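Take a look at the structure below.
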Number of protein chains: 2
Amino acid sequence: MKILIDTFGADAGYKITIDGAIKALEKRKFTPVFVGNEENIKEYINSRISDYEIIHTDNFISNNEDPVRAIRGKKDASIVLAYNKLKEEGYDGLISAGSTGGLLAGGLFIGGRIKGIKRACLAVSLPSLTDEITLLMDSGANMDCKAEMLYEFALMGKVFLENVMNVDNPKISLLNVGLEEHKGNKLTKETYGLLKESDLNFIGNIESRDLFTSKSNIILADGFDGNIALKTAEGVLKLFGKELKNILYKSSKNKIAGALIKNDLKKLTEKFSADEVGGAPLLGVKSYVYKAHGNANETAFANGILGLMDYIDKDVISKIEGELND
Amino acid sequence: MKILIDTFGADAGYKITIDGAIKALEKRKFTPVFVGNEENIKEYINSRISDYEIIHTDNFISNNEDPVRAIRGKKDASIVLAYNKLKEEGYDGLISAGSTGGLLAGGLFIGGRIKGIKRACLAVSLPSLTDEITLLMDSGANMDCKAEMLYEFALMGKVFLENVMNVDNPKISLLNVGLEEHKGNKLTKETYGLLKESDLNFIGNIESRDLFTSKSNIILADGFDGNIALKTAEGVLKLFGKELKNILYKSSKNKIAGALIKNDLKKLTEKFSADEVGGAPLLGVKSYVYKAHGNANETAFANGILGLMDYIDKDVISKIEGELND
């Protein structure tokens, strides 16, 4: 299996994408195809692996530019080269920690949409304290959604969860400001109506305070709202964690307490960490594409690559096509 | 000063609204006007105070009903009676922990809007780790907003902060998924343009991970998004707190650690608690109205009453009217 790896886009720099690939190779065989500066990549790999390819470029799409214009104008940006390569026989999937907008625009304009799907979406696995899986869809690809788009996200999420995650008839809910059907904005009211009439296992609205309590397998949201919720959670956890750390270093008495609960706290932090999942599929495009977190570390990136391969193995795109033409 | 107190709507029941009023009376003199079941109220007060009034009713507007229809149809609902009373000479303000929608609809249809303002909004003070004040506007009153509404919220928030909180030329930002001007949805892009051209102290977009880091005094958001962000933060804090508590009770070793840091943890929890603020002004209506949190306790409700009186003292409504007609 050949996996295209965008070496641009990770906050920590290209090295973590290479280290991530090498770490993933310890678990499973595949051929990494690094897209980026050939010299840097070769030098950093430094013979640690031999079965790999490089597609050279020094250009990429940043978070600061208009993604649609960039995809159309920058013919040698890493994402553009990678999407084009994906169309060739033998190249199976792409992972990037770069611009979500760029990845989405590339998916729509180069990769192409799955027939019958209006928009692609990012399905991020939320940290969970139980074994239940919860996908937040959309997590940030589409800033302004329509009810039909959210309905399509639900369909795609169901196929993904049933095939890749072995979740039977996933529970689907709608992110909202209250549980009652009449609550929310125009979008949630319209989406509620669509889902209620559908064959999906729709369990109603869910409030954002229950994002991490595993009540539902798919939480549907506008990409703007999904992203706001994700980043709020991230910010609060970081802030609370920092304050807790300050407490545990404050005095010698507190340092003793810190030493006593150190291991348990570490386990708790890991539960809330995004590193275990490492990435999110971009569902709706005709290529297998995974978005890694911008601040991914080596472990997260490796887990992203492994998740992407699993996604490819299960032939999810054909299955979504099948579901739509049923 | 006469303050109307809706005894319905608090999750914990009418008693906490009475206890809250009595607690506020320890700090400042005023006449509570309780709206609710006369017999229950009298019995529970049980001569603890003598200077009070009661407006008897057993009817109220719940979270489960359509607020506009309820305000128009339920002539004896507590909020309807209270808003009507506010129009009489000598009744100064209203506090309620009940339906936000009901409070808003009452404000628009009974109290009336401030001339020149399209919609009222809830300005919730966010917990802060510094002394800086941050208002989230709107926090949940308007589910679908337009750019002009957010601009008006900013104007009203500025008058409120300058007069009630002594914040000079407050910094105003826009809740968004990224810092760059082109980021976000139609609403944020349009609002960004409006704010950039205005005389307000607009500092740009802010990401939801920075909600609690005091970078800005007013964070503007659609009421839907503001509410999603608030409840996400609430849920994450509750979940993390619960897990931390589990750790500190897990073993005798961990119980020792818990005892050592107990006081510091309590202080940290208080910093993140909403009880200190106790309520949020409904800015944009011609009456002085405060929304208390549904799960307010006695302390939070008392602080809400004190905040409401401060808001009345500073004559904020006239000042907003003045600002609009400048």
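Chains: A, B, ... in order of the structure tokens. Residues: from 1 per chain. Ligands: from 1, in order shown.
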
Got a sec to pull out which chain B residues are within 7 Å of chain A, counting only C-alpha atoms, and send them as an mmCIF file with all heavy atoms, in the first residue's frame?
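The file below, iface_34.cif, is the result:
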```cif
data_model
loop_
_atom_site.group_PDB
_atom_site.id
_atom_site.type_symbol
_atom_site.label_atom_id
_atom_site.label_comp_id
_atom_site.auth_asym_id
_atom_site.auth_seq_id
_atom_site.Cartn_x
_atom_site.Cartn_y
_atom_site.Cartn_z
ATOM 1 N N ASN B 64 -39.931 24.077 27.861
ATOM 2 C CA ASN B 64 -40.429 23.166 26.832
ATOM 3 C C ASN B 64 -41.454 23.776 25.895
ATOM 4 O O ASN B 64 -41.963 23.110 25.006
ATOM 5 C CB ASN B 64 -41.053 21.931 27.480
ATOM 6 C CG ASN B 64 -40.074 21.242 28.399
ATOM 7 O OD1 ASN B 64 -38.879 21.211 28.090
ATOM 8 N ND2 ASN B 64 -40.556 20.730 29.506
ATOM 9 N N MET B 143 -31.038 32.806 18.343
ATOM 10 C CA MET B 143 -30.483 31.617 17.706
ATOM 11 C C MET B 143 -29.929 31.900 16.309
ATOM 12 O O MET B 143 -29.001 31.263 15.864
ATOM 13 C CB MET B 143 -31.551 30.523 17.630
ATOM 14 C CG MET B 143 -31.918 29.952 18.979
ATOM 15 S SD MET B 143 -30.507 29.099 19.761
ATOM 16 C CE MET B 143 -30.116 30.199 21.099
ATOM 17 N N ASP B 144 -30.534 32.831 15.581
ATOM 18 C CA ASP B 144 -30.029 33.169 14.244
ATOM 19 C C ASP B 144 -29.755 34.671 14.209
ATOM 20 O O ASP B 144 -30.693 35.459 14.319
ATOM 21 C CB ASP B 144 -31.057 32.801 13.173
ATOM 22 C CG ASP B 144 -31.236 31.289 13.047
ATOM 23 O OD1 ASP B 144 -30.363 30.654 12.434
ATOM 24 O OD2 ASP B 144 -32.226 30.748 13.591
ATOM 25 N N VAL B 177 -13.434 30.461 14.094
ATOM 26 C CA VAL B 177 -12.655 29.222 14.032
ATOM 27 C C VAL B 177 -11.189 29.474 13.686
ATOM 28 O O VAL B 177 -10.397 28.538 13.626
ATOM 29 C CB VAL B 177 -13.264 28.225 13.020
ATOM 30 C CG1 VAL B 177 -14.678 27.849 13.432
ATOM 31 C CG2 VAL B 177 -13.277 28.820 11.613
ATOM 32 N N GLU B 180 -7.577 34.657 11.188
ATOM 33 C CA GLU B 180 -7.508 35.439 9.958
ATOM 34 C C GLU B 180 -8.883 35.995 9.576
ATOM 35 O O GLU B 180 -9.909 35.355 9.785
ATOM 36 C CB GLU B 180 -6.963 34.585 8.814
ATOM 37 C CG GLU B 180 -5.577 33.992 9.087
ATOM 38 C CD GLU B 180 -5.639 32.695 9.889
ATOM 39 O OE1 GLU B 180 -6.742 32.203 10.184
ATOM 40 O OE2 GLU B 180 -4.561 32.191 10.246
ATOM 41 N N GLY B 184 -14.082 31.595 8.861
ATOM 42 C CA GLY B 184 -15.409 31.564 9.450
ATOM 43 C C GLY B 184 -16.548 31.395 8.472
ATOM 44 O O GLY B 184 -16.360 30.962 7.339
ATOM 45 N N ASN B 185 -17.739 31.711 8.931
ATOM 46 C CA ASN B 185 -18.934 31.552 8.106
ATOM 47 C C ASN B 185 -19.400 32.923 7.595
ATOM 48 O O ASN B 185 -18.763 33.949 7.850
ATOM 49 C CB ASN B 185 -20.031 30.816 8.892
ATOM 50 C CG ASN B 185 -20.384 31.518 10.190
ATOM 51 O OD1 ASN B 185 -20.078 32.696 10.371
ATOM 52 N ND2 ASN B 185 -21.026 30.807 11.101
ATOM 53 N N SER B 208 -12.210 29.823 20.054
ATOM 54 C CA SER B 208 -12.923 29.417 21.264
ATOM 55 C C SER B 208 -11.981 28.823 22.306
ATOM 56 O O SER B 208 -12.312 28.767 23.474
ATOM 57 C CB SER B 208 -14.064 28.459 20.940
ATOM 58 O OG SER B 208 -13.629 27.367 20.176
ATOM 59 N N ARG B 209 -10.788 28.397 21.901
ATOM 60 C CA ARG B 209 -9.859 27.895 22.916
ATOM 61 C C ARG B 209 -9.367 29.030 23.813
ATOM 62 O O ARG B 209 -8.805 28.784 24.870
ATOM 63 C CB ARG B 209 -8.683 27.144 22.278
ATOM 64 C CG ARG B 209 -7.858 27.897 21.285
ATOM 65 C CD ARG B 209 -6.540 27.154 21.028
ATOM 66 N NE ARG B 209 -6.739 25.995 20.164
ATOM 67 C CZ ARG B 209 -6.464 25.992 18.842
ATOM 68 N NH1 ARG B 209 -6.003 27.077 18.271
ATOM 69 N NH2 ARG B 209 -6.651 24.910 18.117
ATOM 70 N N ASP B 210 -9.599 30.273 23.398
ATOM 71 C CA ASP B 210 -9.185 31.428 24.204
ATOM 72 C C ASP B 210 -10.342 32.118 24.919
ATOM 73 O O ASP B 210 -10.208 33.245 25.385
ATOM 74 C CB ASP B 210 -8.438 32.440 23.334
ATOM 75 C CG ASP B 210 -6.997 32.014 23.104
ATOM 76 O OD1 ASP B 210 -6.397 31.483 24.056
ATOM 77 O OD2 ASP B 210 -6.501 32.187 21.991
ATOM 78 N N PHE B 224 -26.621 31.006 19.269
ATOM 79 C CA PHE B 224 -26.476 29.551 19.163
ATOM 80 C C PHE B 224 -25.035 29.151 19.474
ATOM 81 O O PHE B 224 -24.791 28.306 20.333
ATOM 82 C CB PHE B 224 -26.882 29.087 17.756
ATOM 83 C CG PHE B 224 -26.900 27.592 17.595
ATOM 84 C CD1 PHE B 224 -28.023 26.859 17.934
ATOM 85 C CD2 PHE B 224 -25.789 26.921 17.097
ATOM 86 C CE1 PHE B 224 -28.040 25.472 17.779
ATOM 87 C CE2 PHE B 224 -25.795 25.543 16.948
ATOM 88 C CZ PHE B 224 -26.928 24.814 17.285
ATOM 89 N N ASP B 225 -24.092 29.787 18.790
ATOM 90 C CA ASP B 225 -22.673 29.458 18.981
ATOM 91 C C ASP B 225 -22.204 29.786 20.388
ATOM 92 O O ASP B 225 -21.446 29.035 20.990
ATOM 93 C CB ASP B 225 -21.815 30.237 17.977
ATOM 94 C CG ASP B 225 -22.209 29.925 16.549
ATOM 95 O OD1 ASP B 225 -22.434 28.754 16.250
ATOM 96 O OD2 ASP B 225 -22.321 30.869 15.747
ATOM 97 N N ASN B 227 -23.934 29.818 23.076
ATOM 98 C CA ASN B 227 -24.477 28.822 23.989
ATOM 99 C C ASN B 227 -23.760 27.479 23.864
ATOM 100 O O ASN B 227 -23.478 26.814 24.867
ATOM 101 C CB ASN B 227 -25.972 28.663 23.710
ATOM 102 C CG ASN B 227 -26.717 28.088 24.890
ATOM 103 O OD1 ASN B 227 -26.857 26.886 24.982
ATOM 104 N ND2 ASN B 227 -27.154 28.929 25.816
ATOM 105 N N ILE B 228 -23.438 27.094 22.626
ATOM 106 C CA ILE B 228 -22.686 25.843 22.402
ATOM 107 C C ILE B 228 -21.335 25.925 23.116
ATOM 108 O O ILE B 228 -20.930 24.994 23.818
ATOM 109 C CB ILE B 228 -22.470 25.598 20.882
ATOM 110 C CG1 ILE B 228 -23.793 25.269 20.172
ATOM 111 C CG2 ILE B 228 -21.414 24.515 20.628
ATOM 112 C CD1 ILE B 228 -24.333 23.896 20.375
ATOM 113 N N ALA B 229 -20.667 27.057 22.976
ATOM 114 C CA ALA B 229 -19.350 27.212 23.603
ATOM 115 C C ALA B 229 -19.464 27.153 25.125
ATOM 116 O O ALA B 229 -18.737 26.424 25.793
ATOM 117 C CB ALA B 229 -18.700 28.525 23.166
ATOM 118 N N LYS B 231 -21.793 25.802 27.044
ATOM 119 C CA LYS B 231 -22.166 24.481 27.561
ATOM 120 C C LYS B 231 -21.083 23.433 27.325
ATOM 121 O O LYS B 231 -20.991 22.463 28.074
ATOM 122 C CB LYS B 231 -23.492 24.029 26.948
ATOM 123 C CG LYS B 231 -24.687 24.757 27.554
ATOM 124 C CD LYS B 231 -25.990 24.220 27.034
ATOM 125 C CE LYS B 231 -27.157 24.995 27.611
ATOM 126 N NZ LYS B 231 -28.312 24.989 26.687
ATOM 127 N N THR B 232 -20.273 23.632 26.281
ATOM 128 C CA THR B 232 -19.139 22.721 26.085
ATOM 129 C C THR B 232 -18.172 22.881 27.253
ATOM 130 O O THR B 232 -17.746 21.896 27.861
ATOM 131 C CB THR B 232 -18.396 23.025 24.766
ATOM 132 O OG1 THR B 232 -19.305 22.918 23.680
ATOM 133 C CG2 THR B 232 -17.249 22.056 24.548
ATOM 134 N N ALA B 233 -17.855 24.132 27.569
ATOM 135 C CA ALA B 233 -16.923 24.406 28.662
ATOM 136 C C ALA B 233 -17.454 23.826 29.974
ATOM 137 O O ALA B 233 -16.726 23.167 30.725
ATOM 138 C CB ALA B 233 -16.710 25.909 28.791
ATOM 139 N N GLU B 234 -18.726 24.040 30.220
ATOM 140 C CA GLU B 234 -19.380 23.538 31.429
ATOM 141 C C GLU B 234 -19.252 22.009 31.510
ATOM 142 O O GLU B 234 -18.900 21.457 32.553
ATOM 143 C CB GLU B 234 -20.852 23.954 31.326
ATOM 144 C CG GLU B 234 -21.645 23.873 32.586
ATOM 145 C CD GLU B 234 -23.115 24.218 32.275
ATOM 146 O OE1 GLU B 234 -23.369 25.275 31.640
ATOM 147 O OE2 GLU B 234 -23.987 23.407 32.639
ATOM 148 N N GLY B 235 -19.540 21.344 30.391
ATOM 149 C CA GLY B 235 -19.511 19.879 30.362
ATOM 150 C C GLY B 235 -18.119 19.333 30.576
ATOM 151 O O GLY B 235 -17.916 18.377 31.340
ATOM 152 N N VAL B 236 -17.134 19.947 29.934
ATOM 153 C CA VAL B 236 -15.757 19.465 30.047
ATOM 154 C C VAL B 236 -15.249 19.637 31.474
ATOM 155 O O VAL B 236 -14.643 18.736 32.049
ATOM 156 C CB VAL B 236 -14.837 20.224 29.060
ATOM 157 C CG1 VAL B 236 -13.381 19.964 29.359
ATOM 158 C CG2 VAL B 236 -15.152 19.820 27.633
ATOM 159 N N ILE B 247 -10.085 10.003 41.080
ATOM 160 C CA ILE B 247 -8.673 9.714 41.342
ATOM 161 C C ILE B 247 -8.354 9.955 42.816
ATOM 162 O O ILE B 247 -7.711 9.141 43.470
ATOM 163 C CB ILE B 247 -7.766 10.595 40.440
ATOM 164 C CG1 ILE B 247 -7.806 10.092 38.998
ATOM 165 C CG2 ILE B 247 -6.331 10.632 40.971
ATOM 166 C CD1 ILE B 247 -6.953 10.903 38.031
ATOM 167 N N LYS B 253 -3.567 6.088 49.450
ATOM 168 C CA LYS B 253 -2.456 6.940 49.016
ATOM 169 C C LYS B 253 -3.004 8.217 48.350
ATOM 170 O O LYS B 253 -2.624 9.332 48.682
ATOM 171 C CB LYS B 253 -1.601 6.142 48.026
ATOM 172 C CG LYS B 253 -0.382 6.837 47.493
ATOM 173 C CD LYS B 253 0.369 5.920 46.513
ATOM 174 C CE LYS B 253 -0.384 5.816 45.199
ATOM 175 N NZ LYS B 253 0.290 6.098 43.980
ATOM 176 N N ASN B 254 -3.946 8.006 47.437
ATOM 177 C CA ASN B 254 -4.503 9.161 46.722
ATOM 178 C C ASN B 254 -5.348 10.047 47.645
ATOM 179 O O ASN B 254 -5.420 11.256 47.458
ATOM 180 C CB ASN B 254 -5.359 8.695 45.539
ATOM 181 C CG ASN B 254 -4.504 8.138 44.406
ATOM 182 O OD1 ASN B 254 -3.315 7.896 44.594
ATOM 183 N ND2 ASN B 254 -5.106 7.942 43.252
ATOM 184 N N ALA B 257 -3.140 12.537 49.145
ATOM 185 C CA ALA B 257 -2.880 13.620 48.184
ATOM 186 C C ALA B 257 -4.062 14.580 48.150
ATOM 187 O O ALA B 257 -3.893 15.801 48.170
ATOM 188 C CB ALA B 257 -2.620 13.033 46.792
ATOM 189 N N LEU B 260 -4.105 16.947 50.993
ATOM 190 C CA LEU B 260 -3.046 17.953 50.916
ATOM 191 C C LEU B 260 -3.405 19.127 49.997
ATOM 192 O O LEU B 260 -3.019 20.261 50.236
ATOM 193 C CB LEU B 260 -1.729 17.316 50.428
ATOM 194 C CG LEU B 260 -1.037 16.351 51.405
ATOM 195 C CD1 LEU B 260 0.109 15.614 50.704
ATOM 196 C CD2 LEU B 260 -0.496 17.095 52.624
ATOM 197 N N ILE B 261 -4.137 18.836 48.913
ATOM 198 C CA ILE B 261 -4.409 19.912 47.941
ATOM 199 C C ILE B 261 -5.864 20.377 47.968
ATOM 200 O O ILE B 261 -6.287 21.185 47.145
ATOM 201 C CB ILE B 261 -4.028 19.499 46.496
ATOM 202 C CG1 ILE B 261 -4.768 18.207 46.093
ATOM 203 C CG2 ILE B 261 -2.534 19.337 46.342
ATOM 204 C CD1 ILE B 261 -4.591 17.857 44.618
ATOM 205 N N ASP B 264 -6.586 24.222 47.836
ATOM 206 C CA ASP B 264 -6.193 24.830 46.561
ATOM 207 C C ASP B 264 -7.161 24.425 45.451
ATOM 208 O O ASP B 264 -7.515 25.230 44.598
ATOM 209 C CB ASP B 264 -4.765 24.416 46.188
ATOM 210 C CG ASP B 264 -3.732 25.101 47.069
ATOM 211 O OD1 ASP B 264 -3.914 26.299 47.346
ATOM 212 O OD2 ASP B 264 -2.767 24.443 47.481
#
```

**Study point:** Which of range 81-223 of chain A DSSP labels helix (DSSP H, G or I), written as a PyMOL selection string
**Key:** chain A and resi 81-86+100-111+147-164+186-196+208-210+223

Export C-alpha atoms of the chosen residues as a PDB file, in the first residue's frame?
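The resulting file, out-v1.pdb, is shown below:
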```
ATOM      1  CA  LEU A  81       0.601  17.244  -6.096  1.00  0.00           C
ATOM      2  CA  ALA A  82      -0.645  14.626  -3.642  1.00  0.00           C
ATOM      3  CA  TYR A  83      -4.250  14.738  -4.845  1.00  0.00           C
ATOM      4  CA  ASN A  84      -3.091  14.410  -8.450  1.00  0.00           C
ATOM      5  CA  LYS A  85      -0.872  11.452  -7.553  1.00  0.00           C
ATOM      6  CA  LEU A  86      -3.828   9.780  -5.842  1.00  0.00           C
ATOM      7  CA  THR A 100      -8.266  21.848   6.446  1.00  0.00           C
ATOM      8  CA  GLY A 101      -9.664  24.217   3.858  1.00  0.00           C
ATOM      9  CA  GLY A 102      -6.950  23.242   1.394  1.00  0.00           C
ATOM     10  CA  LEU A 103      -7.563  19.548   1.981  1.00  0.00           C
ATOM     11  CA  LEU A 104     -11.289  20.017   1.469  1.00  0.00           C
ATOM     12  CA  ALA A 105     -10.901  22.194  -1.630  1.00  0.00           C
ATOM     13  CA  GLY A 106      -8.435  19.686  -3.085  1.00  0.00           C
ATOM     14  CA  GLY A 107     -10.888  16.891  -2.368  1.00  0.00           C
ATOM     15  CA  LEU A 108     -13.687  18.705  -4.153  1.00  0.00           C
ATOM     16  CA  PHE A 109     -11.780  20.159  -7.118  1.00  0.00           C
ATOM     17  CA  ILE A 110      -9.097  17.539  -7.781  1.00  0.00           C
ATOM     18  CA  GLY A 111     -10.204  14.315  -6.083  1.00  0.00           C
ATOM     19  CA  ALA A 147     -29.913  20.372   6.527  1.00  0.00           C
ATOM     20  CA  GLU A 148     -29.389  18.007   3.562  1.00  0.00           C
ATOM     21  CA  MET A 149     -25.636  18.220   4.115  1.00  0.00           C
ATOM     22  CA  LEU A 150     -25.965  17.171   7.746  1.00  0.00           C
ATOM     23  CA  TYR A 151     -28.205  14.308   6.668  1.00  0.00           C
ATOM     24  CA  GLU A 152     -25.529  13.160   4.198  1.00  0.00           C
ATOM     25  CA  PHE A 153     -22.867  13.418   6.905  1.00  0.00           C
ATOM     26  CA  ALA A 154     -24.967  11.079   9.035  1.00  0.00           C
ATOM     27  CA  LEU A 155     -25.269   8.544   6.196  1.00  0.00           C
ATOM     28  CA  MET A 156     -21.515   8.573   5.563  1.00  0.00           C
ATOM     29  CA  GLY A 157     -20.688   8.399   9.256  1.00  0.00           C
ATOM     30  CA  LYS A 158     -22.939   5.372   9.630  1.00  0.00           C
ATOM     31  CA  VAL A 159     -21.140   3.498   6.827  1.00  0.00           C
ATOM     32  CA  PHE A 160     -17.741   4.479   8.264  1.00  0.00           C
ATOM     33  CA  LEU A 161     -18.620   3.381  11.800  1.00  0.00           C
ATOM     34  CA  GLU A 162     -20.269   0.130  10.758  1.00  0.00           C
ATOM     35  CA  ASN A 163     -17.358  -0.904   8.553  1.00  0.00           C
ATOM     36  CA  VAL A 164     -14.240   0.542  10.144  1.00  0.00           C
ATOM     37  CA  LYS A 186     -33.090  27.333  11.513  1.00  0.00           C
ATOM     38  CA  LEU A 187     -30.524  24.708  10.570  1.00  0.00           C
ATOM     39  CA  THR A 188     -31.086  22.434  13.566  1.00  0.00           C
ATOM     40  CA  LYS A 189     -34.886  22.672  13.308  1.00  0.00           C
ATOM     41  CA  GLU A 190     -34.816  21.725   9.640  1.00  0.00           C
ATOM     42  CA  THR A 191     -32.262  18.966  10.179  1.00  0.00           C
ATOM     43  CA  TYR A 192     -34.294  17.548  13.074  1.00  0.00           C
ATOM     44  CA  GLY A 193     -37.276  17.205  10.729  1.00  0.00           C
ATOM     45  CA  LEU A 194     -35.228  15.446   8.063  1.00  0.00           C
ATOM     46  CA  LEU A 195     -33.632  13.001  10.500  1.00  0.00           C
ATOM     47  CA  LYS A 196     -36.898  12.207  12.263  1.00  0.00           C
ATOM     48  CA  SER A 208     -22.730  20.392  23.995  1.00  0.00           C
ATOM     49  CA  ARG A 209     -22.215  19.666  27.691  1.00  0.00           C
ATOM     50  CA  ASP A 210     -22.681  15.992  26.698  1.00  0.00           C
ATOM     51  CA  GLY A 223     -18.595  22.734  10.650  1.00  0.00           C
TER      52      GLY A 223
END
```

Check your understanding: What is the CA of Lys291 in chain A to CA of Thr17 in chain A distance in Å?
Key ->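 CA of Thr17 in chain A lies 12.4 Å from CA of Lys291 in chain A.
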
**Study point:** Per-residue DSSP, range 192-252 of chain A, filtered to strand (DSSP E or B), as JSON, numbers by chain
**Key:** {"A": [202, 203, 204, 205, 206, 207, 218, 219, 220]}

Practice item. May I ask for the distance between CA of Gly279 in chain A and CA of Asn205 in chain B, given in Å to one decimal place? Key: 25.9 Å

**Study point:** Residues within 8 Å of Ile117 in chain A, only C-alpha atoms, excluding chain neighbours under 3 positions, as a VMD selection string
**Key:** chain A and resid 113 to 114 120 152 284

Please produce an output containing N, CA and C atoms for each residue in the selection, written as a compact mmCIF listing (two decimals), in the first residue's frame.
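As a result, out.txt now contains:
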```
# COMPACT_ATOMS: atom_id res chain seq x y z
N ARG A 113 -16.03 14.66 -5.71
CA ARG A 113 -16.97 14.19 -4.71
C ARG A 113 -17.54 12.82 -5.09
N ILE A 114 -17.94 12.07 -4.06
CA ILE A 114 -18.70 10.84 -4.30
C ILE A 114 -20.03 11.24 -4.92
N ALA A 120 -18.07 17.30 1.35
CA ALA A 120 -17.29 16.40 2.19
C ALA A 120 -17.25 16.94 3.61
N GLU A 152 -26.54 13.94 4.93
CA GLU A 152 -25.53 13.16 4.20
C GLU A 152 -24.36 12.79 5.10
N GLY A 284 -16.65 11.81 1.93
CA GLY A 284 -17.42 12.44 0.86
C GLY A 284 -16.64 12.63 -0.41
```

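Comparing the minimum interatomic distances between Ile61 in chain B and each of B:Gly112, B:Gly294, B:Pro281, B:Gly9, counting only C-alpha atoms, we find that B:Gly9 sits nearest.
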
**Study point:** Using only C-alpha atoms: which of A:Leu220, A:Glu270, A:Ala280, A:Leu324 has the shortest distance to Lys118 in chain A
**Key:** A:Leu324

Practice item. Might you pull out every residue within 9 Å of Asn217 in chain B, with only C-alpha atoms counted and same-chain residues fewer than 3 positions away left off, and present them as JSON, numbers by chain? Key: {"B": [132, 133, 134, 135, 136, 157, 158, 161, 167, 170, 171, 172, 173, 214]}

Written file, previous selection with C-alpha atoms, as a PDB file, in the first residue's frame:
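The resulting file, result08.pdb, is reproduced below:
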```
ATOM      1  CA  GLU B 132     -10.116  41.105  33.407  1.00  0.00           C
ATOM      2  CA  ILE B 133     -13.821  40.959  32.636  1.00  0.00           C
ATOM      3  CA  THR B 134     -15.055  39.125  29.550  1.00  0.00           C
ATOM      4  CA  LEU B 135     -18.658  39.207  28.392  1.00  0.00           C
ATOM      5  CA  LEU B 136     -19.921  36.625  25.921  1.00  0.00           C
ATOM      6  CA  GLY B 157     -21.764  45.736  25.861  1.00  0.00           C
ATOM      7  CA  LYS B 158     -19.389  48.683  25.667  1.00  0.00           C
ATOM      8  CA  LEU B 161     -18.827  47.605  30.752  1.00  0.00           C
ATOM      9  CA  VAL B 167     -13.736  48.979  31.912  1.00  0.00           C
ATOM     10  CA  PRO B 170     -13.365  47.640  26.123  1.00  0.00           C
ATOM     11  CA  LYS B 171     -11.569  45.342  23.684  1.00  0.00           C
ATOM     12  CA  ILE B 172     -14.049  43.668  21.361  1.00  0.00           C
ATOM     13  CA  SER B 173     -13.478  40.425  19.460  1.00  0.00           C
ATOM     14  CA  SER B 214      -9.050  37.184  29.102  1.00  0.00           C
TER      15      SER B 214
END
```

Practice item. With a distance cut-off of 9 Å and only C-alpha atoms, select the neighbouring residues of Ile5 in chain A, excluding the residue or stretch itself and same-chain residues fewer than 6 positions from it, and output the selection as a count of residues only. Key: 14

Study note, to complete from the structure: note - CA of Ser50 in chain A and CA of Asn295 in chain A are separated by 27.3 Å
